[in-house]
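S.K.: Dropping a structure here in structure tokens format, bear with me for questions.
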Amino acid sequence: MKVDVLLGLQWGDEGKGKIVDVLTPKYDIIARFQGGPNAGHTLEFEGHKHVLHTIPSGIFHSNVINLVGNGVVIDPVIFKGELDKLAPFNIDFANRLLISKKAHLILPTHRLLDAASETAKGKDKIGSTLKGIGPTYMDKTGRNGLRVGDIFSTKFKEKYKALVEKHVGILVHYDGFEYDLETLEGPWLAAIEELKKLPAVDSEHFLQKALSEGKKVLAEGAQGTMLDIDFGTYPFVTSSNTVTAGTCTGLGIAPTKIGNVIGIFKAYCTRVGSGPFPTELLDEVGEEIRREGREFGATTGRPRRCGWIDLVQMRYAIMINGVTELSMMKADILSIFDTIKVCTHYLIDGEKVTDFPYDVNDVEITPVYEELAGWNCDLTELDSYENAPQALKDYVTYLEKQLNVPINVVSVGPDRKQTLTNPA
């Protein structure tokens, strides 16, 4: 068996959580492979809205194992908060939720370092979620980090204290930055005790055994391709590899074990925080998309920047990830427009550019658009793709030809039922 991968193709917030939830019945294991509580995967069904930050999006299906992989960084306090919110739904966490022993822990001082660093940057800040993600990955690569497996060690408190002392020594250099570590430590240490109650596994061995037994695995990514530490719009990126390759390092999966790659994208485009965004709309049209799409971050609550879909960026993301099929989200949001624009290429210094360039931070990019007919009607009650308006089908066909990848799923609302399968 091979591992299928599902990930975002834009700057995050594409709707990955919903599609993972929809696809979960086809799989035996859902495994998160990177990121941390900076993610916000939203699921809606049966009148409830759930936002997951660390727990995989297949957790609501009783016969599926959910694994938090070694590439994920975990804040025990936020993780406990997720468990508490899910408690009313009687989920058997002991048998359905596993955590890799090699996953790294976010300490209270990691969050303090994140906040201090971002504050010091002033107007040059990168738009961090302030969850301590970056400092945690820095300690991981610097070989100083604490891992889930360490919490079961008799030397855990000793290791924790040593790392905290290192962080406090760094915080001294941020003039004027004040904090109360003691207040943060109590809840964190209490949450560690809750974390100990969940099964911790050698996830790479667990997955290899599952694959050898014919189990079907879906790897769930967080954030989006354009936030990848190597291939995103650096330095306005996250601290992990959000692309398909991150599955290998984040779960211990060999490259030859990668199967289908499902790319998720919005029918338009959004971005949270700082950084380049070539098709951003700073006019009333952008505001209309934000209002209609309720475009506010699931993790931070910050308003998302909105713009038309960018095919230069999309082709790049598809290439980097080896995408084999696409899912288009939030088609219903564009129902308010008579016409829809699609960016086909850029103009940079008067030259036509079709490949996503190295430098998008310090050059002036002019997006060139093609205009398509909108459907200008409500899609949320659709029960099949066959009944969709022709203008929507034409938009899907146009994108498929431009991107050279089939769009198999079209989402027309936030609920899991509002999901159409394209039979073409």
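Residues are referred to by chain and number: the chain letter is A, B, ... according to the order shown in the structure tokens, the number counts from 1 in that chain, and ligands are numbered separately from 1 in the order shown.
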Taking the DSSP secondary structure from the backbone, can you list the residues of range 313-365 of chain A that are strand (DSSP E or B), as a short mmCIF file (atom, residue, chain, number, x, y, z; two decimals) with C-alpha atoms, in the first residue's frame?
M.R.:
data_model
loop_
_atom_site.label_atom_id
_atom_site.label_comp_id
_atom_site.auth_asym_id
_atom_site.auth_seq_id
_atom_site.Cartn_x
_atom_site.Cartn_y
_atom_site.Cartn_z
CA GLU A 325 -6.03 15.53 -8.28
CA LEU A 326 -7.59 18.76 -7.06
CA SER A 327 -10.39 19.81 -4.72
CA MET A 328 -11.80 23.32 -5.24
CA MET A 329 -13.21 24.96 -2.13
CA THR A 339 -17.78 37.98 -13.75
CA ILE A 340 -14.72 36.31 -12.21
CA LYS A 341 -11.09 37.07 -12.90
CA VAL A 342 -8.22 34.59 -13.16
CA CYS A 343 -4.56 35.60 -13.14
CA THR A 344 -2.87 33.83 -16.08
CA HIS A 345 0.61 35.41 -15.88
CA TYR A 346 2.60 38.28 -14.38
CA LEU A 347 4.32 41.29 -15.86
CA ILE A 348 7.65 42.10 -14.19
CA GLU A 351 8.35 41.01 -19.25
CA LYS A 352 5.72 38.25 -19.30
CA VAL A 353 6.35 35.77 -16.48
#
S.K.: Figure out the distance between CA of Thr109 in chain A and CA of Leu189 in chain A, please, to one decimal in Å.
M.R.: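 Taking CA of Leu189 in chain A as the start and CA of Thr109 in chain A as the end point, the length is 12.7 Å.
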S.K.: Which neighbours of Lys16 in chain A fall inside 10 Å, counting only C-alpha atoms, when residues of the same chain fewer than 5 positions from it are skipped, and could you give them as a PyMOL selection string?
M.R.: chain A and resi 6-9+21-22+40-43+57+220-224+262-265+327+329
S.K.: Considering only C-alpha atoms, can you say which of A:Val72, A:Cys269, A:Leu251, A:Ile333 comes closest to Gly12 in chain A?
M.R.: A:Cys269
S.K.: Can you work out which one of A:Lys257, A:Arg147, A:Lys417, A:Lys140 has the shortest atom-to-atom distance to Ala200 in chain A, counting only C-alpha atoms?
M.R.: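 Distance minimum relative to Ala200 in chain A lands on A:Arg147.
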S.K.: I'd like the neighbourhood of range 406-415 of chain A as a ChimeraX atom specification, where a residue qualifies if any of its atoms comes within 8 Å (using only C-alpha atoms), though same-chain residues fewer than 5 positions away should be ignored.
M.R.: /A:18,43-45,324-332,379-380,382,385,396,400,420-424
S.K.: Export, as a short mmCIF file (atom, residue, chain, number, x, y, z; two decimals), in the first residue's frame, the selected residues with N, CA and C atoms.
M.R.:
data_model
loop_
_atom_site.label_atom_id
_atom_site.label_comp_id
_atom_site.auth_asym_id
_atom_site.auth_seq_id
_atom_site.Cartn_x
_atom_site.Cartn_y
_atom_site.Cartn_z
N LYS A 18 -12.03 20.07 6.09
CA LYS A 18 -13.30 19.56 5.58
C LYS A 18 -13.10 18.38 4.65
N LEU A 43 -14.19 22.00 10.59
CA LEU A 43 -15.12 20.98 10.13
C LEU A 43 -16.52 21.36 10.60
N GLU A 44 -17.50 21.22 9.72
CA GLU A 44 -18.89 21.49 10.10
C GLU A 44 -19.77 20.33 9.66
N PHE A 45 -20.57 19.83 10.61
CA PHE A 45 -21.54 18.78 10.31
C PHE A 45 -22.50 18.64 11.48
N THR A 324 -1.88 15.03 -8.08
CA THR A 324 -2.56 14.14 -9.03
C THR A 324 -4.05 14.44 -9.17
N GLU A 325 -4.62 15.14 -8.19
CA GLU A 325 -6.03 15.53 -8.28
C GLU A 325 -6.26 16.76 -7.41
N LEU A 326 -7.31 17.51 -7.74
CA LEU A 326 -7.59 18.76 -7.06
C LEU A 326 -8.97 18.76 -6.41
N SER A 327 -9.09 19.53 -5.33
CA SER A 327 -10.39 19.81 -4.72
C SER A 327 -10.52 21.33 -4.64
N MET A 328 -11.58 21.87 -5.23
CA MET A 328 -11.80 23.32 -5.24
C MET A 328 -12.81 23.68 -4.15
N MET A 329 -12.39 24.58 -3.27
CA MET A 329 -13.21 24.96 -2.13
C MET A 329 -13.85 26.33 -2.34
N LYS A 330 -14.95 26.54 -1.60
CA LYS A 330 -15.61 27.85 -1.51
C LYS A 330 -16.08 28.39 -2.86
N ALA A 331 -16.50 27.52 -3.75
CA ALA A 331 -17.07 27.99 -5.01
C ALA A 331 -18.31 28.84 -4.76
N ASP A 332 -19.02 28.55 -3.67
CA ASP A 332 -20.25 29.28 -3.35
C ASP A 332 -20.00 30.76 -3.06
N LEU A 379 -25.30 28.30 -4.70
CA LEU A 379 -24.85 26.93 -4.93
C LEU A 379 -25.06 26.02 -3.72
N THR A 380 -25.39 26.60 -2.58
CA THR A 380 -25.33 25.86 -1.32
C THR A 380 -26.34 24.74 -1.19
N LEU A 382 -27.11 22.75 -3.80
CA LEU A 382 -26.85 21.74 -4.84
C LEU A 382 -26.61 20.37 -4.21
N TYR A 385 -23.09 17.49 -8.84
CA TYR A 385 -22.36 18.34 -9.77
C TYR A 385 -23.11 18.47 -11.09
N VAL A 396 -14.67 25.33 -13.84
CA VAL A 396 -13.92 24.12 -13.46
C VAL A 396 -13.14 23.59 -14.66
N GLU A 400 -9.09 23.24 -15.08
CA GLU A 400 -8.48 21.93 -15.36
C GLU A 400 -7.55 22.01 -16.56
N LEU A 420 -19.51 18.34 -3.72
CA LEU A 420 -19.91 17.73 -4.98
C LEU A 420 -18.75 17.00 -5.61
N THR A 421 -19.02 15.83 -6.17
CA THR A 421 -18.01 15.04 -6.86
C THR A 421 -18.15 15.24 -8.35
N ASN A 422 -17.06 15.65 -8.99
CA ASN A 422 -17.06 15.88 -10.43
C ASN A 422 -16.78 14.54 -11.12
N PRO A 423 -17.77 13.98 -11.84
CA PRO A 423 -17.61 12.66 -12.44
C PRO A 423 -16.75 12.66 -13.69
N ALA A 424 -16.41 13.83 -14.20
CA ALA A 424 -15.66 13.91 -15.46
C ALA A 424 -14.27 13.28 -15.33
#
S.K.: With only C-alpha atoms as the counted atoms, please give the residues lying no more than 8 Å from range 27-37 of chain A, apart from itself and same-chain residues fewer than 6 positions off, as a VMD selection string.
M.R.: chain A and resid 53 to 58 63 to 75 78 131 133 215 to 223 239 to 242 246 to 247 250 to 251 299
S.K.: Using DSSP assignments from the backbone, pull out every residue in range 94-243 of chain A that falls under alpha helix (DSSP H) and give it to me as an NGL selection string.
M.R.: :A and (94-96 or 108-121 or 133-141 or 156-171 or 181-195 or 203-212)
S.K.: Choose the residue, out of A:Gln208, A:Lys80, A:Ile151, A:Tyr137, that has the smallest atom-to-atom separation from Ile229 in chain A; count only C-alpha atoms.
M.R.: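 Checking each of A:Gln208, A:Lys80, A:Ile151, A:Tyr137 against Ile229 in chain A, counting only C-alpha atoms, the winner is A:Tyr137.
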S.K.: Considering only C-alpha atoms, return as a ChimeraX atom specification whatever protein or nucleic-acid residues lie within 12 Å of Gln10 in chain A, sequence-local ones (same chain, fewer than 2 positions apart) excluded.
M.R.: /A:7-8,12-16,222-228,231-233,237,242-243,263-272,277,279,306-318,321,328-329
S.K.: Residues at most 10 Å from Glu182 in chain A, counting only C-alpha atoms, excluding those fewer than 4 positions away in the same chain, as a list in words?
M.R.: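 Final neighbour list, sorted by chain and number: Pro108, Gly186 and Pro187 of chain A.
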